[in-house]
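Shown here: data-v7.cif, mmCIF, C-alpha atoms.
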```
data_query
loop_
_atom_site.label_atom_id
_atom_site.label_comp_id
_atom_site.auth_asym_id
_atom_site.auth_seq_id
_atom_site.Cartn_x
_atom_site.Cartn_y
_atom_site.Cartn_z
CA MET A 20 2.33 3.48 3.00
CA GLY A 21 5.60 1.97 4.12
CA LEU A 22 8.91 2.99 2.69
CA LEU A 23 9.50 -0.27 0.85
CA SER A 24 6.08 -0.44 -0.72
CA ARG A 25 6.68 2.64 -2.84
CA LYS A 26 7.53 2.48 -6.52
CA THR A 27 11.26 3.17 -6.68
CA LYS A 28 13.17 0.03 -7.55
CA VAL A 29 16.95 -0.03 -7.41
CA SER A 30 18.50 -2.68 -9.62
CA ARG A 31 21.17 -4.80 -7.98
CA PRO A 32 24.50 -2.99 -8.40
CA GLY A 33 27.07 -4.86 -10.45
CA ARG A 34 30.73 -4.28 -11.20
CA GLU A 35 31.54 -2.35 -14.34
CA ASN A 36 33.84 -3.99 -16.86
CA GLY A 37 37.35 -2.63 -16.49
CA LEU A 38 38.38 -0.09 -19.11
CA GLY A 39 42.08 -0.85 -18.81
CA ILE A 40 42.75 2.71 -17.67
CA SER A 41 44.37 4.05 -14.51
CA ARG A 42 42.71 5.28 -11.28
CA LYS A 43 42.96 9.07 -11.34
CA TYR A 44 41.07 10.01 -8.20
CA ASN A 45 42.45 8.93 -4.85
CA PHE A 46 39.37 9.53 -2.75
CA THR A 47 39.65 8.22 0.77
CA GLN A 48 37.17 5.55 1.81
CA GLY A 49 34.73 6.51 4.53
CA ARG A 50 34.61 10.12 3.35
CA THR A 51 32.09 12.38 1.66
CA TYR A 52 33.36 14.80 -0.98
CA VAL A 53 31.60 18.02 -1.94
CA VAL A 54 32.80 19.16 -5.36
CA GLU A 55 32.10 22.83 -6.06
CA GLU A 56 31.49 22.93 -9.80
CA SER A 57 28.95 23.46 -12.53
CA PRO A 58 28.44 21.42 -14.66
CA PRO A 59 29.34 18.36 -12.53
CA ASP A 60 32.14 17.11 -14.79
CA ILE A 61 34.75 16.30 -12.13
CA SER A 62 32.17 14.46 -10.01
CA PHE A 63 30.98 12.26 -12.88
CA ASP A 64 34.54 11.64 -14.13
CA ALA A 65 35.65 10.67 -10.61
CA PHE A 66 32.62 8.41 -10.06
CA VAL A 67 33.03 6.63 -13.41
CA ASN A 68 36.80 6.36 -12.98
CA ILE A 69 36.47 4.82 -9.50
CA VAL A 70 33.79 2.25 -10.44
CA SER A 71 35.71 1.31 -13.60
CA THR A 72 39.12 0.75 -12.00
CA SER A 73 40.61 -1.20 -9.14
CA VAL A 74 43.68 -0.46 -7.07
CA GLU A 75 46.30 -2.78 -5.61
CA GLY A 76 44.51 -5.95 -6.59
CA SER A 77 41.30 -5.06 -4.78
CA LYS A 78 37.94 -5.52 -6.49
CA LYS A 79 36.37 -2.65 -8.39
CA PRO A 80 33.84 -0.91 -6.14
CA VAL A 81 30.18 -0.93 -7.11
CA GLY A 82 28.38 2.37 -7.50
CA LEU A 83 25.00 4.04 -7.20
CA ALA A 84 24.28 7.27 -9.05
CA ILE A 85 21.39 9.59 -8.30
CA SER A 86 21.04 12.43 -10.74
CA ARG A 87 18.79 15.04 -12.23
CA GLN A 88 20.02 13.84 -15.63
CA HIS A 89 18.12 10.97 -17.24
CA PRO A 90 19.75 7.54 -16.65
CA ASP A 91 19.85 6.77 -20.39
CA LEU A 92 21.87 9.92 -21.06
CA ILE A 93 24.30 9.09 -18.27
CA ARG A 94 24.72 5.50 -19.46
CA GLN A 95 25.30 6.71 -23.01
CA LYS A 96 27.88 9.34 -22.10
CA TYR A 97 29.78 7.48 -19.40
CA GLY A 98 29.43 3.90 -20.63
CA LEU A 99 27.96 2.65 -17.35
CA GLU A 100 26.34 -0.76 -17.77
CA ALA A 101 26.05 -2.39 -14.36
CA THR A 102 25.66 0.65 -12.10
CA PRO A 103 22.13 1.52 -10.98
CA ILE A 104 21.20 5.08 -11.84
CA LEU A 105 18.19 6.75 -10.28
CA TRP A 106 16.57 9.78 -11.84
CA LEU A 107 15.53 12.65 -9.59
CA ALA A 108 12.28 13.65 -11.26
CA THR A 109 8.57 14.04 -10.71
CA ARG A 110 7.73 11.27 -13.20
CA THR A 111 6.75 7.78 -12.16
CA GLY A 112 8.83 4.73 -12.96
CA ASP A 113 11.17 2.11 -11.61
CA GLU A 114 14.36 4.16 -11.69
CA VAL A 115 12.85 7.39 -10.43
CA ILE A 116 12.95 9.15 -7.07
CA ALA A 117 10.67 12.13 -6.59
CA PRO A 118 12.58 15.12 -5.22
CA THR A 119 10.06 15.50 -2.42
CA ASN A 120 10.40 11.86 -1.40
CA LEU A 121 13.28 12.39 1.00
CA GLY A 122 12.37 9.29 3.01
CA ILE A 123 12.85 7.00 0.00
CA LEU A 124 16.05 8.81 -0.94
CA THR A 125 17.54 8.40 2.54
CA HIS A 126 16.47 4.77 2.72
CA THR A 127 17.96 4.02 -0.72
CA LEU A 128 21.30 5.62 0.11
CA ILE A 129 21.67 4.05 3.56
CA LYS A 130 20.61 0.61 2.26
CA PHE A 131 23.22 0.87 -0.51
CA VAL A 132 25.99 1.67 2.01
CA GLU A 133 24.91 -1.17 4.30
CA GLU A 134 24.85 -3.67 1.44
CA ASN A 135 27.96 -2.30 -0.29
CA PRO A 136 30.31 -1.10 2.46
CA ALA A 137 33.01 -0.20 -0.09
CA GLY A 138 30.56 1.26 -2.60
CA VAL A 139 30.60 4.68 -4.20
CA ILE A 140 27.64 7.05 -4.33
CA LEU A 141 27.22 9.97 -6.69
CA LEU A 142 24.52 12.31 -5.42
CA ASP A 143 23.91 14.82 -8.19
CA GLY A 144 21.03 17.29 -8.18
CA LEU A 145 21.37 18.84 -4.74
CA GLU A 146 20.10 22.17 -6.10
CA TYR A 147 16.94 20.42 -7.32
CA LEU A 148 16.44 18.74 -3.94
CA VAL A 149 16.83 22.06 -2.14
CA SER A 150 14.43 23.80 -4.51
CA ASN A 151 11.80 21.19 -3.60
CA ASN A 152 12.53 20.96 0.11
CA ASP A 153 13.82 22.99 3.01
CA PHE A 154 17.64 23.22 2.91
CA ASN A 155 17.94 21.92 6.48
CA LYS A 156 15.97 18.78 5.63
CA VAL A 157 18.32 18.02 2.74
CA LEU A 158 21.35 18.75 4.93
CA ARG A 159 20.00 16.34 7.54
CA ILE A 160 19.87 13.55 4.91
CA ILE A 161 23.44 14.20 3.85
CA ASP A 162 24.57 14.15 7.47
CA GLN A 163 22.64 10.93 8.10
CA VAL A 164 24.12 9.15 5.07
CA HIS A 165 27.55 10.57 5.86
CA ASP A 166 27.35 8.99 9.34
CA HIS A 167 26.85 5.58 7.70
CA ILE A 168 29.62 6.26 5.21
CA SER A 169 32.11 7.24 7.88
CA GLN A 170 31.51 3.89 9.60
CA SER A 171 32.19 2.03 6.37
CA LYS A 172 34.62 2.05 3.44
CA ALA A 173 32.10 3.70 1.17
CA THR A 174 32.56 7.07 -0.51
CA MET A 175 30.01 9.71 -1.48
CA ILE A 176 30.57 12.39 -4.11
CA ILE A 177 28.25 15.40 -4.12
CA PRO A 178 28.60 18.01 -6.89
CA VAL A 179 27.41 21.42 -5.78
CA ASP A 180 26.89 24.54 -7.85
CA PRO A 181 28.24 27.19 -5.45
CA ARG A 182 26.10 29.86 -7.15
CA ALA A 183 22.96 28.11 -5.93
CA PHE A 184 23.82 28.28 -2.22
CA SER A 185 24.57 31.00 0.31
CA GLN A 186 27.95 31.09 2.03
CA LYS A 187 26.31 29.82 5.20
CA GLU A 188 24.68 26.89 3.37
CA LEU A 189 27.97 25.98 1.67
CA ALA A 190 29.75 26.09 5.02
CA LEU A 191 27.13 23.76 6.51
CA LEU A 192 27.39 21.37 3.55
CA GLU A 193 31.16 21.27 3.83
CA ARG A 194 31.23 20.97 7.62
CA ASN A 195 31.75 17.20 7.72
CA THR A 196 32.95 16.69 4.18
CA GLU A 197 36.05 17.13 2.06
CA LYS A 198 35.78 20.07 -0.29
CA ILE A 199 37.08 20.01 -3.85
CA ALA A 200 36.90 23.26 -5.76
CA ARG A 201 37.12 23.34 -9.53
CA THR A 202 40.00 25.48 -10.70
CA SER A 203 39.21 27.94 -13.46
CA GLY A 204 40.53 26.87 -16.82
CA SER A 205 39.28 23.29 -16.70
CA THR A 206 38.57 22.24 -20.25
CA MET B 30 59.14 23.72 -14.28
CA SER B 31 59.42 20.60 -16.43
CA LYS B 32 61.34 20.57 -19.72
CA LEU B 33 59.24 17.64 -20.91
CA LYS B 34 57.59 18.27 -24.29
CA ILE B 35 53.89 17.62 -24.68
CA LEU B 36 51.70 17.50 -27.79
CA VAL B 37 47.95 18.22 -27.70
CA VAL B 38 45.96 16.95 -30.70
CA ASP B 39 42.36 18.15 -30.90
CA ASP B 40 40.29 19.76 -33.64
CA SER B 41 38.80 22.25 -31.19
CA GLU B 42 41.00 25.30 -30.82
CA ALA B 43 39.19 26.27 -27.61
CA PHE B 44 39.91 22.87 -26.08
CA ARG B 45 43.59 23.01 -27.06
CA LYS B 46 43.89 26.49 -25.55
CA VAL B 47 42.49 25.49 -22.18
CA MET B 48 44.37 22.18 -22.13
CA ILE B 49 47.62 24.08 -22.76
CA GLU B 50 46.72 26.48 -19.94
CA LEU B 51 46.15 23.52 -17.58
CA LEU B 52 49.48 21.96 -18.64
CA ILE B 53 51.37 25.21 -18.12
CA ARG B 54 49.75 25.60 -14.71
CA ALA B 55 50.92 22.06 -13.90
CA GLY B 56 54.48 23.12 -14.74
CA PHE B 57 54.72 21.87 -18.33
CA HIS B 58 55.66 24.83 -20.50
CA GLU B 59 56.93 23.00 -23.59
CA VAL B 60 53.58 22.36 -25.24
CA VAL B 61 52.93 22.04 -28.97
CA GLU B 62 49.58 21.55 -30.65
CA ALA B 63 47.92 20.11 -33.74
CA GLU B 64 44.37 19.98 -35.06
CA ASP B 65 44.36 16.87 -37.27
CA TYR B 66 46.32 13.80 -38.35
CA ASP B 67 48.64 15.51 -40.85
CA GLN B 68 49.51 18.37 -38.52
CA ALA B 69 49.95 15.98 -35.59
CA ILE B 70 52.46 13.83 -37.43
CA ALA B 71 54.37 16.85 -38.76
CA VAL B 72 54.52 18.50 -35.31
CA PHE B 73 55.46 15.21 -33.68
CA LYS B 74 58.35 14.58 -36.11
CA GLN B 75 59.65 18.09 -35.60
CA ASN B 76 59.35 18.26 -31.80
CA ARG B 77 59.46 14.64 -30.60
CA PRO B 78 57.24 15.22 -27.54
CA ARG B 79 57.42 12.64 -24.76
CA ILE B 80 53.65 12.68 -24.12
CA SER B 81 50.88 13.21 -26.68
CA PHE B 82 47.27 13.84 -25.66
CA VAL B 83 45.21 12.74 -28.65
CA ASP B 84 41.48 13.22 -29.12
CA MET B 85 40.12 9.97 -30.53
CA ILE B 86 37.52 11.65 -32.68
CA LEU B 87 39.15 13.88 -35.29
CA PRO B 88 38.03 14.99 -38.72
CA GLY B 89 39.51 12.67 -41.34
CA GLU B 90 41.85 10.06 -39.92
CA SER B 91 41.03 9.19 -36.32
CA GLY B 92 42.94 9.49 -33.09
CA VAL B 93 43.60 5.75 -33.27
CA ASP B 94 45.41 6.36 -36.59
CA VAL B 95 47.37 9.23 -35.00
CA THR B 96 48.32 6.94 -32.10
CA LYS B 97 49.58 4.20 -34.43
CA ALA B 98 51.55 6.68 -36.55
CA ILE B 99 53.20 8.34 -33.53
CA LEU B 100 54.23 5.01 -32.06
CA LYS B 101 55.59 3.89 -35.42
CA ILE B 102 57.85 6.94 -35.43
CA ASP B 103 58.81 6.59 -31.77
CA PRO B 104 57.76 3.39 -29.98
CA LYS B 105 58.77 4.90 -26.63
CA ALA B 106 56.39 7.86 -26.97
CA VAL B 107 53.47 8.02 -24.53
CA VAL B 108 50.03 8.55 -26.03
CA ILE B 109 47.06 9.41 -23.84
CA ALA B 110 43.70 8.98 -25.57
CA MET B 111 40.95 11.53 -24.97
CA SER B 112 37.24 11.58 -25.75
CA SER B 113 34.15 13.40 -24.54
CA ILE B 114 32.22 10.16 -24.11
CA ILE B 115 33.20 6.82 -22.62
CA ASN B 116 32.82 4.49 -25.56
CA LYS B 117 34.32 1.23 -24.37
CA LYS B 118 34.95 -0.01 -27.91
CA LEU B 119 36.83 3.18 -28.79
CA ILE B 120 38.86 3.07 -25.58
CA ARG B 121 39.74 -0.57 -26.23
CA GLU B 122 40.82 0.32 -29.80
CA SER B 123 42.96 3.19 -28.48
CA LEU B 124 44.66 1.00 -25.89
CA ASP B 125 45.15 -1.76 -28.46
CA ALA B 126 46.75 0.80 -30.75
CA GLY B 127 49.25 1.55 -27.98
CA ALA B 128 47.72 4.41 -25.98
CA LYS B 129 48.78 4.16 -22.33
CA ASP B 130 45.74 5.73 -20.71
CA PHE B 131 42.47 7.55 -21.28
CA LEU B 132 41.21 10.98 -20.22
CA LEU B 133 37.56 11.99 -20.35
CA LYS B 134 36.89 15.43 -21.80
CA PRO B 135 36.35 18.00 -20.42
CA THR B 136 39.36 17.22 -18.32
CA ASN B 137 40.39 18.86 -15.09
CA ASP B 138 43.53 19.46 -13.07
CA ILE B 139 43.01 16.43 -10.80
CA ALA B 140 42.75 13.85 -13.60
CA LEU B 141 45.42 15.59 -15.67
CA SER B 142 47.91 15.78 -12.78
CA SER B 143 47.37 12.10 -12.07
CA VAL B 144 48.11 11.15 -15.69
CA LEU B 145 51.16 13.44 -15.83
CA ALA B 146 52.53 12.04 -12.57
CA MET B 147 52.13 8.53 -13.91
CA TRP B 148 53.68 9.03 -17.34
CA SER B 149 56.12 11.92 -17.11
CA ASP B 150 59.01 9.94 -15.57
#
```

Conversion result in structure tokens:
Amino acid sequence: MGLLSRKTKVSRPGRENGLGISRKYNFTQGRTYVVEESPPDISFDAFVNIVSTSVEGSKKPVGLAISRQHPDLIRQKYGLEATPILWLATRTGDEVIAPTNLGILTHTLIKFVEENPAGVILLDGLEYLVSNNDFNKVLRIIDQVHDHISQSKATMIIPVDPRAFSQKELALLERNTEKIARTSGST
Amino acid sequence: MSKLKILVVDDSEAFRKVMIELLIRAGFHEVVEAEDYDQAIAVFKQNRPRISFVDMILPGESGVDVTKAILKIDPKAVVIAMSSIINKKLIRESLDAGAKDFLLKPTNDIALSSVLAMWSD
């Protein structure tokens, strides 16, 4: 079965309506950010803030979120209306990617970057991907997508629970990425 | 260390505590707090903080009401709306009431520093 004939369907990304609020995260385009935190509050806040705001007269970037959390919950909490959200789960459905289906995941991410060179990706659920696959396979996907991102103006945000990875694995994840560590005391 | 006064209005004591800790860590030591509308207005009148972080969902009168009352007392005050969900209608109401910006709860040092840098001048 070819990659495109599988079930996952990504709706066409649209621009979120502006909230009239300021941009709070100055993430550099063409970079991948690993945010060490649990729960992934900074990552979601940054993603939503970036796709809901524009800077210096430029258009608001479009986004793609992939998460272990159900898309309806994410839409409800973060008010996302036009951003495609894919659910990492073993269920079937249009907005679902199976955690073992790394081919589809890679294809979806790379296609998004190619079609939206200034887009923003939130890749949440790395722990779930690693629990269903070999760590090195998951790392290879991140590296592959990162290569596309670094040749574009796209940005990728990856929340990582540092308790779920060894020091060596964290070092490998952060090798080509920018690391953001949550400070204790965040509300 | 900044001498700028800041008010935190939230009905959760735990949230206020951590928010104050984040503000102190960011160099803002003059922080006062309130848990509802009445306390917020009383504390505001007494301390005249430059920036007020106001949770939009409070028991009794809402954060939008607090925002309007603060700005009636001091039209130059800066109110930053806060909420744990992004409800576009609520954010629009807050901004229409005069809030300058919005912070999603739980907040963090990156978002907070950005807001403080923007509005503490």

Problem - Given all atoms listed in the file as the counted atoms, nearest of A:Leu191, A:Leu142, A:Ile61, A:Val29 to A:Asp162 - result: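 Ranking A:Leu191, A:Leu142, A:Ile61, A:Val29 by distance to A:Asp162, first place goes to A:Leu191.
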
The PyMOL selection byres ((chain B) within 12 of (chain A)) - which residues does that actually catch in the file I just gave you? List them as a short mmCIF file (atom, residue, chain, number, x, y, z; two decimals) with C-alpha atoms, in the coordinates of the input.
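Everything below was put into selection04.cif:
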```cif
data_model
loop_
_atom_site.label_atom_id
_atom_site.label_comp_id
_atom_site.auth_asym_id
_atom_site.auth_seq_id
_atom_site.Cartn_x
_atom_site.Cartn_y
_atom_site.Cartn_z
CA SER B 41 38.80 22.25 -31.19
CA GLU B 42 41.00 25.30 -30.82
CA ALA B 43 39.19 26.27 -27.61
CA PHE B 44 39.91 22.87 -26.08
CA ARG B 45 43.59 23.01 -27.06
CA LYS B 46 43.89 26.49 -25.55
CA VAL B 47 42.49 25.49 -22.18
CA MET B 48 44.37 22.18 -22.13
CA ILE B 49 47.62 24.08 -22.76
CA GLU B 50 46.72 26.48 -19.94
CA LEU B 51 46.15 23.52 -17.58
CA LEU B 52 49.48 21.96 -18.64
CA ILE B 53 51.37 25.21 -18.12
CA ARG B 54 49.75 25.60 -14.71
CA ALA B 55 50.92 22.06 -13.90
CA ILE B 109 47.06 9.41 -23.84
CA ALA B 110 43.70 8.98 -25.57
CA MET B 111 40.95 11.53 -24.97
CA SER B 112 37.24 11.58 -25.75
CA SER B 113 34.15 13.40 -24.54
CA ILE B 114 32.22 10.16 -24.11
CA ILE B 115 33.20 6.82 -22.62
CA ASN B 116 32.82 4.49 -25.56
CA LYS B 117 34.32 1.23 -24.37
CA LYS B 118 34.95 -0.01 -27.91
CA LEU B 119 36.83 3.18 -28.79
CA ILE B 120 38.86 3.07 -25.58
CA ARG B 121 39.74 -0.57 -26.23
CA GLU B 122 40.82 0.32 -29.80
CA SER B 123 42.96 3.19 -28.48
CA LEU B 124 44.66 1.00 -25.89
CA ASP B 125 45.15 -1.76 -28.46
CA GLY B 127 49.25 1.55 -27.98
CA ALA B 128 47.72 4.41 -25.98
CA LYS B 129 48.78 4.16 -22.33
CA ASP B 130 45.74 5.73 -20.71
CA PHE B 131 42.47 7.55 -21.28
CA LEU B 132 41.21 10.98 -20.22
CA LEU B 133 37.56 11.99 -20.35
CA LYS B 134 36.89 15.43 -21.80
CA PRO B 135 36.35 18.00 -20.42
CA THR B 136 39.36 17.22 -18.32
CA ASN B 137 40.39 18.86 -15.09
CA ASP B 138 43.53 19.46 -13.07
CA ILE B 139 43.01 16.43 -10.80
CA ALA B 140 42.75 13.85 -13.60
CA LEU B 141 45.42 15.59 -15.67
CA SER B 142 47.91 15.78 -12.78
CA SER B 143 47.37 12.10 -12.07
CA VAL B 144 48.11 11.15 -15.69
CA LEU B 145 51.16 13.44 -15.83
CA ALA B 146 52.53 12.04 -12.57
CA MET B 147 52.13 8.53 -13.91
CA TRP B 148 53.68 9.03 -17.34
#
```

Expand the PyMOL selection byres ((chain A and resi 59) around 10) into the explicit residue set it covers here, and present it as an mmCIF file with C-alpha atoms, in the frame of the given file.
```
data_model
loop_
_atom_site.group_PDB
_atom_site.id
_atom_site.type_symbol
_atom_site.label_atom_id
_atom_site.label_comp_id
_atom_site.auth_asym_id
_atom_site.auth_seq_id
_atom_site.Cartn_x
_atom_site.Cartn_y
_atom_site.Cartn_z
ATOM 1 C CA VAL A 54 32.800 19.160 -5.360
ATOM 2 C CA GLU A 55 32.100 22.830 -6.060
ATOM 3 C CA GLU A 56 31.490 22.930 -9.800
ATOM 4 C CA SER A 57 28.950 23.460 -12.530
ATOM 5 C CA PRO A 58 28.440 21.420 -14.660
ATOM 6 C CA ASP A 60 32.140 17.110 -14.790
ATOM 7 C CA ILE A 61 34.750 16.300 -12.130
ATOM 8 C CA SER A 62 32.170 14.460 -10.010
ATOM 9 C CA PHE A 63 30.980 12.260 -12.880
ATOM 10 C CA ASP A 64 34.540 11.640 -14.130
ATOM 11 C CA ASP A 143 23.910 14.820 -8.190
ATOM 12 C CA GLY A 144 21.030 17.290 -8.180
ATOM 13 C CA ILE A 177 28.250 15.400 -4.120
ATOM 14 C CA PRO A 178 28.600 18.010 -6.890
ATOM 15 C CA VAL A 179 27.410 21.420 -5.780
ATOM 16 C CA ASP A 180 26.890 24.540 -7.850
ATOM 17 C CA ARG A 201 37.120 23.340 -9.530
#
```

Practice task
Go through B:Val95, B:Ala126, B:Asp150, B:Lys32 one by one, measure the shortest atom-to-atom distance of each to B:Ser81 using all atoms listed in the file, and give the residue with the smallest value.
Solution key: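 Between B:Val95, B:Ala126, B:Asp150, B:Lys32, the residue approaching B:Ser81 most closely is B:Val95.
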
Practice task
Would you please work out which residue, of B:Lys105, B:Pro78, B:Val72, B:Val93, is nearest to B:Glu59 when using all atoms listed in the file?
Solution key: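 Of the candidates, the smallest distance to B:Glu59 is held by B:Pro78.
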
Exercise for the section: Find the residues near stretch 146-156 of chain A: any atom within 9 Å, counting all atoms listed in the file, skip ones fewer than 2 places away on the same chain, and give them as a ChimeraX atom specification. Expected result: /A:87,107,118-119,121,143-144,158-161,179-180,183-184,188

Handout entry: Point-to-point distance in Å for atom CA of A:Lys79 and atom CA of A:Glu197
Key =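 Separation of atom CA of A:Glu197 and atom CA of A:Lys79: 22.4 Å.
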
Exercise for the section: Name every residue that the PyMOL selection byres ((chain B and resi 39) around 7) selects in this structure, writing the answer as a VMD selection string with chains first and numbers rising. Expected result: chain B and resid 37 to 38 40 to 41 45 63 to 65 83 to 84 87

Practice task
Calculate how many Å separate atom CA of A:Ile85 from atom CA of A:Asp166, rounding to one decimal.
Solution key: 18.6 Å

Problem - d(atom CA of B:Val107, atom CA of A:Thr47) in Å - result: 28.8 Å

Handout entry: Shortest interatomic distance to A:Val115 - which of A:Pro103, A:Lys78, A:Thr72, A:Thr196, counting only C-alpha atoms
Key =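 Looking only at the distances to A:Val115, the closest residue turns out to be A:Pro103.
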
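Comparing the minimum interatomic distances between A:Gln170 and each of A:Leu192, A:Val139, A:Val132, A:Ala108, counting all atoms listed in the file, we find that A:Val132 sits nearest.
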
Practice task
Find the spatial neighbours of A:Arg34, counting only C-alpha atoms, within a cut-off of 8 Å - ignore same-chain residues fewer than 3 positions away - and output them as a list in words.
Solution key: Val70, Ser71, Lys79, Pro80, Val81, Gly82, Ala101 and Thr102 of chain A

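Nearest to A:Leu128 of all the residues A:Val74, A:Ala190, A:Ala200, A:Ile104 is A:Ile104, counting all atoms listed in the file.
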
Practice task
Excluding A:Leu141 and any residue of its chain fewer than 5 positions from it, enumerate the residues within 6 Å of it, using all atoms listed in the file, and give them as a ChimeraX atom specification.
Solution key: /A:84,175-176

Box centre and edge lengths (Å, one decimal), axis-aligned, stretch 79-91 of chain B plus 4 Å each side, as AutoDock Vina command-line options:
```
--center_x 47.5 --center_y 12.1 --center_z -32.7 --size_x 27.9 --size_y 13.8 --size_z 25.2
```

For stretch 128-146 of chain B, supply N, CA and C atoms and report the output as a PDB file, keeping the file's coordinate frame.
```
ATOM      1  N   ALA B 128      47.912   3.325 -26.956  1.00  0.00           N
ATOM      2  CA  ALA B 128      47.720   4.410 -25.980  1.00  0.00           C
ATOM      3  C   ALA B 128      47.897   3.846 -24.574  1.00  0.00           C
ATOM      4  N   LYS B 129      48.492   4.647 -23.689  1.00  0.00           N
ATOM      5  CA  LYS B 129      48.780   4.160 -22.330  1.00  0.00           C
ATOM      6  C   LYS B 129      47.608   4.373 -21.386  1.00  0.00           C
ATOM      7  N   ASP B 130      46.795   5.382 -21.658  1.00  0.00           N
ATOM      8  CA  ASP B 130      45.740   5.730 -20.710  1.00  0.00           C
ATOM      9  C   ASP B 130      44.659   6.513 -21.434  1.00  0.00           C
ATOM     10  N   PHE B 131      43.608   6.850 -20.688  1.00  0.00           N
ATOM     11  CA  PHE B 131      42.470   7.550 -21.280  1.00  0.00           C
ATOM     12  C   PHE B 131      42.051   8.696 -20.364  1.00  0.00           C
ATOM     13  N   LEU B 132      41.727   9.829 -20.972  1.00  0.00           N
ATOM     14  CA  LEU B 132      41.210  10.980 -20.220  1.00  0.00           C
ATOM     15  C   LEU B 132      39.851  11.374 -20.792  1.00  0.00           C
ATOM     16  N   LEU B 133      38.888  11.541 -19.916  1.00  0.00           N
ATOM     17  CA  LEU B 133      37.560  11.990 -20.350  1.00  0.00           C
ATOM     18  C   LEU B 133      37.569  13.505 -20.490  1.00  0.00           C
ATOM     19  N   LYS B 134      37.027  13.991 -21.604  1.00  0.00           N
ATOM     20  CA  LYS B 134      36.890  15.430 -21.800  1.00  0.00           C
ATOM     21  C   LYS B 134      35.503  15.876 -21.338  1.00  0.00           C
ATOM     22  N   PRO B 135      35.296  17.052 -20.762  1.00  0.00           N
ATOM     23  CA  PRO B 135      36.350  18.000 -20.420  1.00  0.00           C
ATOM     24  C   PRO B 135      37.201  17.465 -19.283  1.00  0.00           C
ATOM     25  N   THR B 136      38.494  17.731 -19.373  1.00  0.00           N
ATOM     26  CA  THR B 136      39.360  17.220 -18.320  1.00  0.00           C
ATOM     27  C   THR B 136      39.540  18.292 -17.242  1.00  0.00           C
ATOM     28  N   ASN B 137      40.218  17.929 -16.208  1.00  0.00           N
ATOM     29  CA  ASN B 137      40.390  18.860 -15.090  1.00  0.00           C
ATOM     30  C   ASN B 137      41.761  18.624 -14.475  1.00  0.00           C
ATOM     31  N   ASP B 138      42.168  19.528 -13.600  1.00  0.00           N
ATOM     32  CA  ASP B 138      43.530  19.460 -13.070  1.00  0.00           C
ATOM     33  C   ASP B 138      43.805  18.200 -12.245  1.00  0.00           C
ATOM     34  N   ILE B 139      42.771  17.625 -11.621  1.00  0.00           N
ATOM     35  CA  ILE B 139      43.010  16.430 -10.800  1.00  0.00           C
ATOM     36  C   ILE B 139      43.365  15.236 -11.698  1.00  0.00           C
ATOM     37  N   ALA B 140      42.519  14.992 -12.704  1.00  0.00           N
ATOM     38  CA  ALA B 140      42.750  13.850 -13.600  1.00  0.00           C
ATOM     39  C   ALA B 140      44.041  14.067 -14.406  1.00  0.00           C
ATOM     40  N   LEU B 141      44.239  15.296 -14.856  1.00  0.00           N
ATOM     41  CA  LEU B 141      45.420  15.590 -15.670  1.00  0.00           C
ATOM     42  C   LEU B 141      46.710  15.407 -14.856  1.00  0.00           C
ATOM     43  N   SER B 142      46.715  15.917 -13.631  1.00  0.00           N
ATOM     44  CA  SER B 142      47.910  15.780 -12.780  1.00  0.00           C
ATOM     45  C   SER B 142      48.225  14.317 -12.519  1.00  0.00           C
ATOM     46  N   SER B 143      47.166  13.519 -12.332  1.00  0.00           N
ATOM     47  CA  SER B 143      47.370  12.100 -12.070  1.00  0.00           C
ATOM     48  C   SER B 143      48.029  11.423 -13.275  1.00  0.00           C
ATOM     49  N   VAL B 144      47.537  11.744 -14.469  1.00  0.00           N
ATOM     50  CA  VAL B 144      48.110  11.150 -15.690  1.00  0.00           C
ATOM     51  C   VAL B 144      49.554  11.623 -15.875  1.00  0.00           C
ATOM     52  N   LEU B 145      49.804  12.909 -15.654  1.00  0.00           N
ATOM     53  CA  LEU B 145      51.160  13.440 -15.830  1.00  0.00           C
ATOM     54  C   LEU B 145      52.132  12.812 -14.829  1.00  0.00           C
ATOM     55  N   ALA B 146      51.661  12.647 -13.594  1.00  0.00           N
ATOM     56  CA  ALA B 146      52.530  12.040 -12.570  1.00  0.00           C
ATOM     57  C   ALA B 146      52.885  10.607 -12.963  1.00  0.00           C
TER      58      ALA B 146
END
```
